[in-house]
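Below is start_37.cif, holding mmCIF, C-alpha atoms.
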data_run
#
loop_
_atom_site.label_atom_id
_atom_site.label_comp_id
_atom_site.auth_asym_id
_atom_site.auth_seq_id
_atom_site.Cartn_x
_atom_site.Cartn_y
_atom_site.Cartn_z
CA MET A 1 -7.80 25.57 4.49
CA PHE A 2 -7.09 22.96 7.18
CA LYS A 3 -6.12 20.42 4.51
CA LYS A 4 -3.60 22.89 3.05
CA ILE A 5 -2.04 23.44 6.50
CA VAL A 6 -1.63 19.68 7.00
CA GLU A 7 -0.26 19.16 3.47
CA ASP A 8 2.31 21.95 3.97
CA LEU A 9 3.46 20.52 7.32
CA LEU A 10 3.67 17.03 5.82
CA GLN A 11 5.66 18.29 2.84
CA THR A 12 8.10 20.11 5.13
CA ALA A 13 8.62 16.98 7.23
CA LEU A 14 9.21 14.83 4.13
CA GLU A 15 11.70 17.37 2.78
CA GLU A 16 13.59 17.13 6.07
CA ARG A 17 13.61 13.32 5.87
CA GLN A 18 14.47 12.55 2.25
CA ASP A 19 14.50 8.79 2.95
CA LEU A 20 10.74 8.82 3.67
CA PHE A 21 8.01 9.28 1.08
CA LEU A 22 4.24 9.54 1.01
CA ILE A 23 2.10 6.61 -0.10
CA ASP A 24 -1.34 7.91 0.88
CA PHE A 25 -2.87 10.95 2.54
CA SER A 26 -6.53 11.42 3.41
CA LEU A 27 -8.53 13.89 5.44
CA SER A 28 -12.14 13.02 6.27
CA SER A 29 -14.94 15.48 6.81
CA ASP A 30 -14.53 15.16 10.60
CA ASN A 31 -10.80 16.08 10.34
CA ALA A 32 -9.49 12.55 10.76
CA ILE A 33 -6.05 12.63 9.15
CA LYS A 34 -4.57 9.37 7.85
CA ILE A 35 -1.04 9.32 6.46
CA VAL A 36 0.69 6.23 5.05
CA ILE A 37 4.45 6.48 4.51
CA ASP A 38 7.23 4.26 3.24
CA GLY A 39 10.98 4.62 3.31
CA ASP A 40 13.98 3.70 1.21
CA ASN A 41 15.24 1.66 4.17
CA GLY A 42 11.87 0.66 5.59
CA VAL A 43 9.89 2.54 8.24
CA LEU A 44 10.46 2.43 11.98
CA VAL A 45 8.07 3.52 14.72
CA GLU A 46 10.37 6.52 15.24
CA ASP A 47 9.77 7.56 11.61
CA CYS A 48 6.01 7.53 12.12
CA MET A 49 6.47 9.50 15.35
CA PHE A 50 8.61 12.07 13.50
CA ILE A 51 5.88 12.70 10.90
CA SER A 52 3.16 12.72 13.56
CA ARG A 53 4.98 15.26 15.72
CA ALA A 54 5.83 17.45 12.74
CA ILE A 55 2.12 17.85 12.10
CA GLU A 56 0.55 17.63 15.55
CA HIS A 57 2.96 20.04 17.28
CA ASN A 58 2.37 22.72 14.65
CA ILE A 59 -1.42 22.86 14.65
CA ASP A 60 -3.34 24.74 17.31
CA ARG A 61 -5.76 22.31 18.99
CA ASP A 62 -7.93 25.23 20.14
CA GLU A 63 -8.46 26.26 16.54
CA HIS A 64 -8.74 22.82 14.90
CA ASP A 65 -10.16 19.60 16.31
CA PHE A 66 -8.56 16.61 14.55
CA SER A 67 -7.31 13.07 14.93
CA LEU A 68 -4.05 11.94 13.37
CA GLU A 69 -2.92 8.47 12.32
CA VAL A 70 0.51 7.91 10.76
CA LEU A 71 1.40 4.40 9.64
CA SER A 72 3.81 2.55 7.42
CA SER A 73 2.93 0.73 4.26
CA GLY A 74 2.36 -2.86 5.40
CA ALA A 75 4.23 -5.93 4.20
CA ALA A 76 1.15 -7.23 2.37
CA THR A 77 0.28 -3.84 0.88
CA PRO A 78 0.72 -3.65 -2.91
CA LEU A 79 3.63 -1.58 -4.19
CA THR A 80 2.32 1.62 -5.76
CA LEU A 81 5.36 3.79 -6.51
CA PRO A 82 8.47 2.93 -8.57
CA ARG A 83 10.59 4.11 -5.62
CA GLN A 84 9.26 1.23 -3.49
CA TYR A 85 10.71 -1.50 -5.73
CA HIS A 86 14.40 -0.73 -5.10
CA LYS A 87 14.41 -2.00 -1.52
CA HIS A 88 12.83 -5.29 -2.61
CA VAL A 89 15.55 -6.39 -5.06
CA GLY A 90 16.32 -10.04 -4.25
CA ARG A 91 12.81 -10.76 -2.95
CA ASN A 92 10.02 -12.60 -4.72
CA LEU A 93 7.24 -10.52 -6.23
CA GLU A 94 3.86 -11.39 -7.66
CA ILE A 95 2.90 -9.02 -10.47
CA LYS A 96 -0.42 -8.74 -12.28
CA THR A 97 -0.31 -6.70 -15.47
CA LEU A 98 -2.92 -4.59 -17.22
CA ASP A 99 -2.84 -7.03 -20.16
CA SER A 100 -3.91 -9.90 -17.83
CA GLN A 101 -0.53 -11.60 -17.40
CA ASN A 102 0.68 -12.89 -14.05
CA PHE A 103 4.33 -13.22 -13.09
CA GLU A 104 5.94 -14.52 -9.92
CA GLY A 105 9.68 -14.44 -9.54
CA GLU A 106 12.72 -12.85 -7.96
CA LEU A 107 13.06 -9.12 -8.49
CA THR A 108 16.56 -8.85 -9.95
CA ALA A 109 16.63 -5.30 -11.33
CA VAL A 110 14.76 -2.01 -11.25
CA ASN A 111 15.27 0.74 -13.82
CA GLU A 112 13.47 3.90 -14.91
CA GLU A 113 11.04 2.00 -17.15
CA GLY A 114 10.17 -0.99 -14.99
CA VAL A 115 11.35 -4.17 -13.29
CA VAL A 116 13.03 -7.45 -14.21
CA LEU A 117 11.81 -10.74 -12.70
CA ASN A 118 13.61 -14.08 -12.94
CA TRP A 119 12.23 -17.51 -12.11
CA LYS A 120 12.60 -21.18 -13.06
CA ALA A 121 9.86 -23.23 -14.67
CA ARG A 122 9.42 -26.87 -15.63
CA GLU A 123 8.63 -27.31 -19.32
CA PRO A 124 8.35 -30.32 -21.61
CA LYS A 125 11.61 -31.39 -23.26
CA PRO A 126 11.96 -30.26 -26.87
CA VAL A 127 12.57 -33.90 -27.83
CA GLY A 128 11.40 -36.96 -25.94
CA LYS A 129 9.43 -37.44 -22.76
CA GLY A 130 9.81 -35.65 -19.46
CA LYS A 131 10.41 -32.10 -18.40
CA VAL A 132 13.38 -29.82 -18.06
CA THR A 133 13.93 -26.81 -15.80
CA VAL A 134 14.20 -23.59 -17.78
CA ALA A 135 15.28 -20.13 -16.57
CA LYS A 136 12.69 -17.48 -17.40
CA GLN A 137 12.83 -13.69 -17.33
CA ALA A 138 10.21 -10.97 -17.70
CA ASN A 139 10.70 -7.25 -18.15
CA VAL A 140 7.58 -5.49 -16.88
CA ALA A 141 7.05 -1.77 -17.44
CA PHE A 142 5.75 0.29 -14.52
CA ASP A 143 2.87 1.59 -16.66
CA ASN A 144 1.77 -2.02 -17.32
CA ILE A 145 1.68 -3.09 -13.66
CA LYS A 146 -1.83 -3.43 -12.29
CA GLU A 147 -0.72 -4.82 -8.91
CA ALA A 148 2.59 -5.89 -7.42
CA LYS A 149 3.00 -7.59 -4.05
CA VAL A 150 6.00 -8.90 -2.19
CA LYS A 151 5.68 -12.64 -1.55
CA ILE A 152 6.63 -13.26 2.05
CA LYS A 153 8.25 -16.59 2.92
CA PHE A 154 8.05 -18.08 6.39
#

Represent the structure from my file as structure tokens, please.
Amino acid sequence: MFKKIVEDLLQTALEERQDLFLIDFSLSSDNAIKIVIDGDNGVLVEDCMFISRAIEHNIDRDEHDFSLEVLSSGAATPLTLPRQYHKHVGRNLEIKTLDSQNFEGELTAVNEEGVVLNWKAREPKPVGKGKVTVAKQANVAFDNIKEAKVKIKF
């Protein structure tokens, strides 16, 4: 019953803030609530506070003893939902597929079926010695992505 109360409050808060979406929700046996969110424009501390207050201020502490942790999906956290890819267009991604392929390149497009990555590779010349730089592209379907991470450059 407590889990249903928290889920309903969380759903109401996310309906109010359409730019935020749920990545993970867990409730342990000792009522430790952990919520991970992401946003179409990133997540600010104020966004985490909004979700936290929407839940904490609507549950009676005398009736339920709980702890609450609301956090954003980290920069090194793998992308899990198709909605997360849109804000990363123009960034480099590393994608591992279910059929054991690995791609690393610039995310140039996101559509309903998957993503498009572009990169340059050095390959042997068709004739003669040496190598030539070749533009490569991969279309990867969402249902074939095992893991996708944003490659952060410093």

Could you check which residues have any atom within 12 Å of (0.7, -4.8, 4.8), counting all atoms listed in the file with coordinates taken straight from the file, and then list them as a compact mmCIF listing (two decimals) with C-alpha atoms, in the coordinates of the input?
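The result, written out as point.txt:
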# COMPACT_ATOMS: atom_id res chain seq x y z
CA VAL A 36 0.69 6.23 5.05
CA ILE A 37 4.45 6.48 4.51
CA ASP A 38 7.23 4.26 3.24
CA LEU A 71 1.40 4.40 9.64
CA SER A 72 3.81 2.55 7.42
CA SER A 73 2.93 0.73 4.26
CA GLY A 74 2.36 -2.86 5.40
CA ALA A 75 4.23 -5.93 4.20
CA ALA A 76 1.15 -7.23 2.37
CA THR A 77 0.28 -3.84 0.88
CA PRO A 78 0.72 -3.65 -2.91
CA LEU A 79 3.63 -1.58 -4.19
CA LYS A 149 3.00 -7.59 -4.05
CA VAL A 150 6.00 -8.90 -2.19
CA LYS A 151 5.68 -12.64 -1.55
CA ILE A 152 6.63 -13.26 2.05

- prompt: From the set A:Asp30, A:Glu147, A:Asp99, A:Asp47, which residue has the shortest atom-to-atom contact distance to A:Phe66, counting all atoms listed in the file?
  reply: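 Checking each candidate against A:Phe66, we get A:Asp30 as the closest.
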
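Here atom CA of A:Lys131 stands at a distance of 22.0 Å from atom CA of A:Glu106.
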
Answer key for the PyMOL selection byres ((chain A and resi 87) around 12), residues as a PDB file with C-alpha atoms, in the frame of the given file:
ATOM      1  CA  ASP A  19      14.500   8.790   2.950  1.00  0.00           C
ATOM      2  CA  ASP A  38       7.230   4.260   3.240  1.00  0.00           C
ATOM      3  CA  GLY A  39      10.980   4.620   3.310  1.00  0.00           C
ATOM      4  CA  ASP A  40      13.980   3.700   1.210  1.00  0.00           C
ATOM      5  CA  ASN A  41      15.240   1.660   4.170  1.00  0.00           C
ATOM      6  CA  GLY A  42      11.870   0.660   5.590  1.00  0.00           C
ATOM      7  CA  VAL A  43       9.890   2.540   8.240  1.00  0.00           C
ATOM      8  CA  LEU A  79       3.630  -1.580  -4.190  1.00  0.00           C
ATOM      9  CA  LEU A  81       5.360   3.790  -6.510  1.00  0.00           C
ATOM     10  CA  PRO A  82       8.470   2.930  -8.570  1.00  0.00           C
ATOM     11  CA  ARG A  83      10.590   4.110  -5.620  1.00  0.00           C
ATOM     12  CA  GLN A  84       9.260   1.230  -3.490  1.00  0.00           C
ATOM     13  CA  TYR A  85      10.710  -1.500  -5.730  1.00  0.00           C
ATOM     14  CA  HIS A  86      14.400  -0.730  -5.100  1.00  0.00           C
ATOM     15  CA  HIS A  88      12.830  -5.290  -2.610  1.00  0.00           C
ATOM     16  CA  VAL A  89      15.550  -6.390  -5.060  1.00  0.00           C
ATOM     17  CA  GLY A  90      16.320 -10.040  -4.250  1.00  0.00           C
ATOM     18  CA  ARG A  91      12.810 -10.760  -2.950  1.00  0.00           C
ATOM     19  CA  ASN A  92      10.020 -12.600  -4.720  1.00  0.00           C
ATOM     20  CA  LEU A 107      13.060  -9.120  -8.490  1.00  0.00           C
ATOM     21  CA  THR A 108      16.560  -8.850  -9.950  1.00  0.00           C
ATOM     22  CA  ALA A 109      16.630  -5.300 -11.330  1.00  0.00           C
ATOM     23  CA  VAL A 110      14.760  -2.010 -11.250  1.00  0.00           C
ATOM     24  CA  VAL A 150       6.000  -8.900  -2.190  1.00  0.00           C
TER      25      VAL A 150
END

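With atom CA of A:Ala135 on one side and atom CA of A:Lys120 on the other, the separation reads 4.5 Å.
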
statement: A:Asn31 proximity check over A:Ala138, A:Leu98, A:Ala148, A:Leu68, using only C-alpha atoms: winner is A:Leu68

task: Measure the distance from atom CA of A:Ile23 to atom CA of A:Asp143 in Å and round it to one decimal.
output: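 If I compute the distance from atom CA of A:Ile23 to atom CA of A:Asp143, I get 17.3 Å.
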
query: When the PyMOL selection byres ((chain A and resi 52) around 12) is applied to the file above, which residues end up in the set, as a PyMOL selection string?
result: chain A and resi 6+9-10+13-14+33-37+45-51+53-59+67-72

Requested write-out: C-alpha atoms of the selected residues, as a compact mmCIF listing (two decimals), keeping the file's coordinate frame:
# COMPACT_ATOMS: atom_id res chain seq x y z
CA VAL A 6 -1.63 19.68 7.00
CA LEU A 9 3.46 20.52 7.32
CA LEU A 10 3.67 17.03 5.82
CA ALA A 13 8.62 16.98 7.23
CA LEU A 14 9.21 14.83 4.13
CA ILE A 33 -6.05 12.63 9.15
CA LYS A 34 -4.57 9.37 7.85
CA ILE A 35 -1.04 9.32 6.46
CA VAL A 36 0.69 6.23 5.05
CA ILE A 37 4.45 6.48 4.51
CA VAL A 45 8.07 3.52 14.72
CA GLU A 46 10.37 6.52 15.24
CA ASP A 47 9.77 7.56 11.61
CA CYS A 48 6.01 7.53 12.12
CA MET A 49 6.47 9.50 15.35
CA PHE A 50 8.61 12.07 13.50
CA ILE A 51 5.88 12.70 10.90
CA ARG A 53 4.98 15.26 15.72
CA ALA A 54 5.83 17.45 12.74
CA ILE A 55 2.12 17.85 12.10
CA GLU A 56 0.55 17.63 15.55
CA HIS A 57 2.96 20.04 17.28
CA ASN A 58 2.37 22.72 14.65
CA ILE A 59 -1.42 22.86 14.65
CA SER A 67 -7.31 13.07 14.93
CA LEU A 68 -4.05 11.94 13.37
CA GLU A 69 -2.92 8.47 12.32
CA VAL A 70 0.51 7.91 10.76
CA LEU A 71 1.40 4.40 9.64
CA SER A 72 3.81 2.55 7.42

Convert the output of the PyMOL selection byres ((chain A and resi 101) around 12) on the shown file into explicit residues, formatted as a PDB file with C-alpha atoms, in the coordinates of the input.
ATOM      1  CA  GLU A  94       3.860 -11.390  -7.660  1.00  0.00           C
ATOM      2  CA  ILE A  95       2.900  -9.020 -10.470  1.00  0.00           C
ATOM      3  CA  LYS A  96      -0.420  -8.740 -12.280  1.00  0.00           C
ATOM      4  CA  THR A  97      -0.310  -6.700 -15.470  1.00  0.00           C
ATOM      5  CA  LEU A  98      -2.920  -4.590 -17.220  1.00  0.00           C
ATOM      6  CA  ASP A  99      -2.840  -7.030 -20.160  1.00  0.00           C
ATOM      7  CA  SER A 100      -3.910  -9.900 -17.830  1.00  0.00           C
ATOM      8  CA  ASN A 102       0.680 -12.890 -14.050  1.00  0.00           C
ATOM      9  CA  PHE A 103       4.330 -13.220 -13.090  1.00  0.00           C
ATOM     10  CA  GLU A 104       5.940 -14.520  -9.920  1.00  0.00           C
ATOM     11  CA  ALA A 138      10.210 -10.970 -17.700  1.00  0.00           C
ATOM     12  CA  VAL A 140       7.580  -5.490 -16.880  1.00  0.00           C
ATOM     13  CA  ASN A 144       1.770  -2.020 -17.320  1.00  0.00           C
ATOM     14  CA  ILE A 145       1.680  -3.090 -13.660  1.00  0.00           C
ATOM     15  CA  LYS A 146      -1.830  -3.430 -12.290  1.00  0.00           C
ATOM     16  CA  GLU A 147      -0.720  -4.820  -8.910  1.00  0.00           C
ATOM     17  CA  ALA A 148       2.590  -5.890  -7.420  1.00  0.00           C
TER      18      ALA A 148
END

List every protein, DNA or RNA residue with an atom no more than 7 Å from (11.4, -12.0, -17.7) in the file's coordinates, counting all atoms listed in the file, and format the result as a short mmCIF file (atom, residue, chain, number, x, y, z; two decimals) with C-alpha atoms, in the coordinates of the input.
data_model
loop_
_atom_site.label_atom_id
_atom_site.label_comp_id
_atom_site.auth_asym_id
_atom_site.auth_seq_id
_atom_site.Cartn_x
_atom_site.Cartn_y
_atom_site.Cartn_z
CA VAL A 116 13.03 -7.45 -14.21
CA LEU A 117 11.81 -10.74 -12.70
CA ASN A 118 13.61 -14.08 -12.94
CA LYS A 136 12.69 -17.48 -17.40
CA GLN A 137 12.83 -13.69 -17.33
CA ALA A 138 10.21 -10.97 -17.70
CA ASN A 139 10.70 -7.25 -18.15
#

Need the axis-aligned box for stretch 126-141 of chain A with 4 Å each side, so what are the centre and edges in Å to one decimal, as JSON?
{"center_x": 11.2, "center_y": -19.6, "center_z": -21.8, "size_x": 16.2, "size_y": 43.7, "size_z": 20.0}

- prompt: So which one's closest to A:Ile5, A:Val134, A:Leu27, A:Leu20, A:Leu93? Using only C-alpha atoms, please.
  reply: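 For A:Ile5, the nearest of the candidates is A:Leu27.
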
- request: Kindly indicate which residue among A:Asp65, A:Val127, A:Thr80, A:Lys3 lies nearest to A:Phe25, using all atoms listed in the file for the distances.
  value: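 Closest residue, counting all atoms listed in the file: A:Lys3.
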
As a PDB file, in the frame of the given file, the rebuilt stretch 66-78 of chain A with N, CA and C atoms:
ATOM      1  N   PHE A  66      -8.917  17.634  15.538  1.00  0.00           N
ATOM      2  CA  PHE A  66      -8.560  16.610  14.550  1.00  0.00           C
ATOM      3  C   PHE A  66      -8.003  15.376  15.239  1.00  0.00           C
ATOM      4  N   SER A  67      -8.004  14.280  14.499  1.00  0.00           N
ATOM      5  CA  SER A  67      -7.310  13.070  14.930  1.00  0.00           C
ATOM      6  C   SER A  67      -6.250  12.777  13.864  1.00  0.00           C
ATOM      7  N   LEU A  68      -5.162  12.168  14.287  1.00  0.00           N
ATOM      8  CA  LEU A  68      -4.050  11.940  13.370  1.00  0.00           C
ATOM      9  C   LEU A  68      -3.566  10.501  13.502  1.00  0.00           C
ATOM     10  N   GLU A  69      -3.430   9.835  12.367  1.00  0.00           N
ATOM     11  CA  GLU A  69      -2.920   8.470  12.320  1.00  0.00           C
ATOM     12  C   GLU A  69      -1.817   8.428  11.251  1.00  0.00           C
ATOM     13  N   VAL A  70      -0.610   8.049  11.676  1.00  0.00           N
ATOM     14  CA  VAL A  70       0.510   7.910  10.760  1.00  0.00           C
ATOM     15  C   VAL A  70       0.969   6.459  10.820  1.00  0.00           C
ATOM     16  N   LEU A  71       0.997   5.796   9.665  1.00  0.00           N
ATOM     17  CA  LEU A  71       1.400   4.400   9.640  1.00  0.00           C
ATOM     18  C   LEU A  71       2.271   4.091   8.435  1.00  0.00           C
ATOM     19  N   SER A  72       2.951   2.966   8.528  1.00  0.00           N
ATOM     20  CA  SER A  72       3.810   2.550   7.420  1.00  0.00           C
ATOM     21  C   SER A  72       3.025   1.666   6.478  1.00  0.00           C
ATOM     22  N   SER A  73       3.505   1.619   5.258  1.00  0.00           N
ATOM     23  CA  SER A  73       2.930   0.730   4.260  1.00  0.00           C
ATOM     24  C   SER A  73       3.213  -0.697   4.718  1.00  0.00           C
ATOM     25  N   GLY A  74       2.201  -1.512   4.859  1.00  0.00           N
ATOM     26  CA  GLY A  74       2.360  -2.860   5.400  1.00  0.00           C
ATOM     27  C   GLY A  74       3.063  -3.818   4.448  1.00  0.00           C
ATOM     28  N   ALA A  75       3.511  -4.930   4.987  1.00  0.00           N
ATOM     29  CA  ALA A  75       4.230  -5.930   4.200  1.00  0.00           C
ATOM     30  C   ALA A  75       3.351  -6.535   3.108  1.00  0.00           C
ATOM     31  N   ALA A  76       2.060  -6.637   3.357  1.00  0.00           N
ATOM     32  CA  ALA A  76       1.150  -7.230   2.370  1.00  0.00           C
ATOM     33  C   ALA A  76       0.506  -6.176   1.473  1.00  0.00           C
ATOM     34  N   THR A  77       0.844  -4.913   1.674  1.00  0.00           N
ATOM     35  CA  THR A  77       0.280  -3.840   0.880  1.00  0.00           C
ATOM     36  C   THR A  77       0.932  -3.818  -0.504  1.00  0.00           C
ATOM     37  N   PRO A  78       0.135  -3.701  -1.564  1.00  0.00           N
ATOM     38  CA  PRO A  78       0.720  -3.650  -2.910  1.00  0.00           C
ATOM     39  C   PRO A  78       1.675  -2.464  -3.063  1.00  0.00           C
TER      40      PRO A  78
END
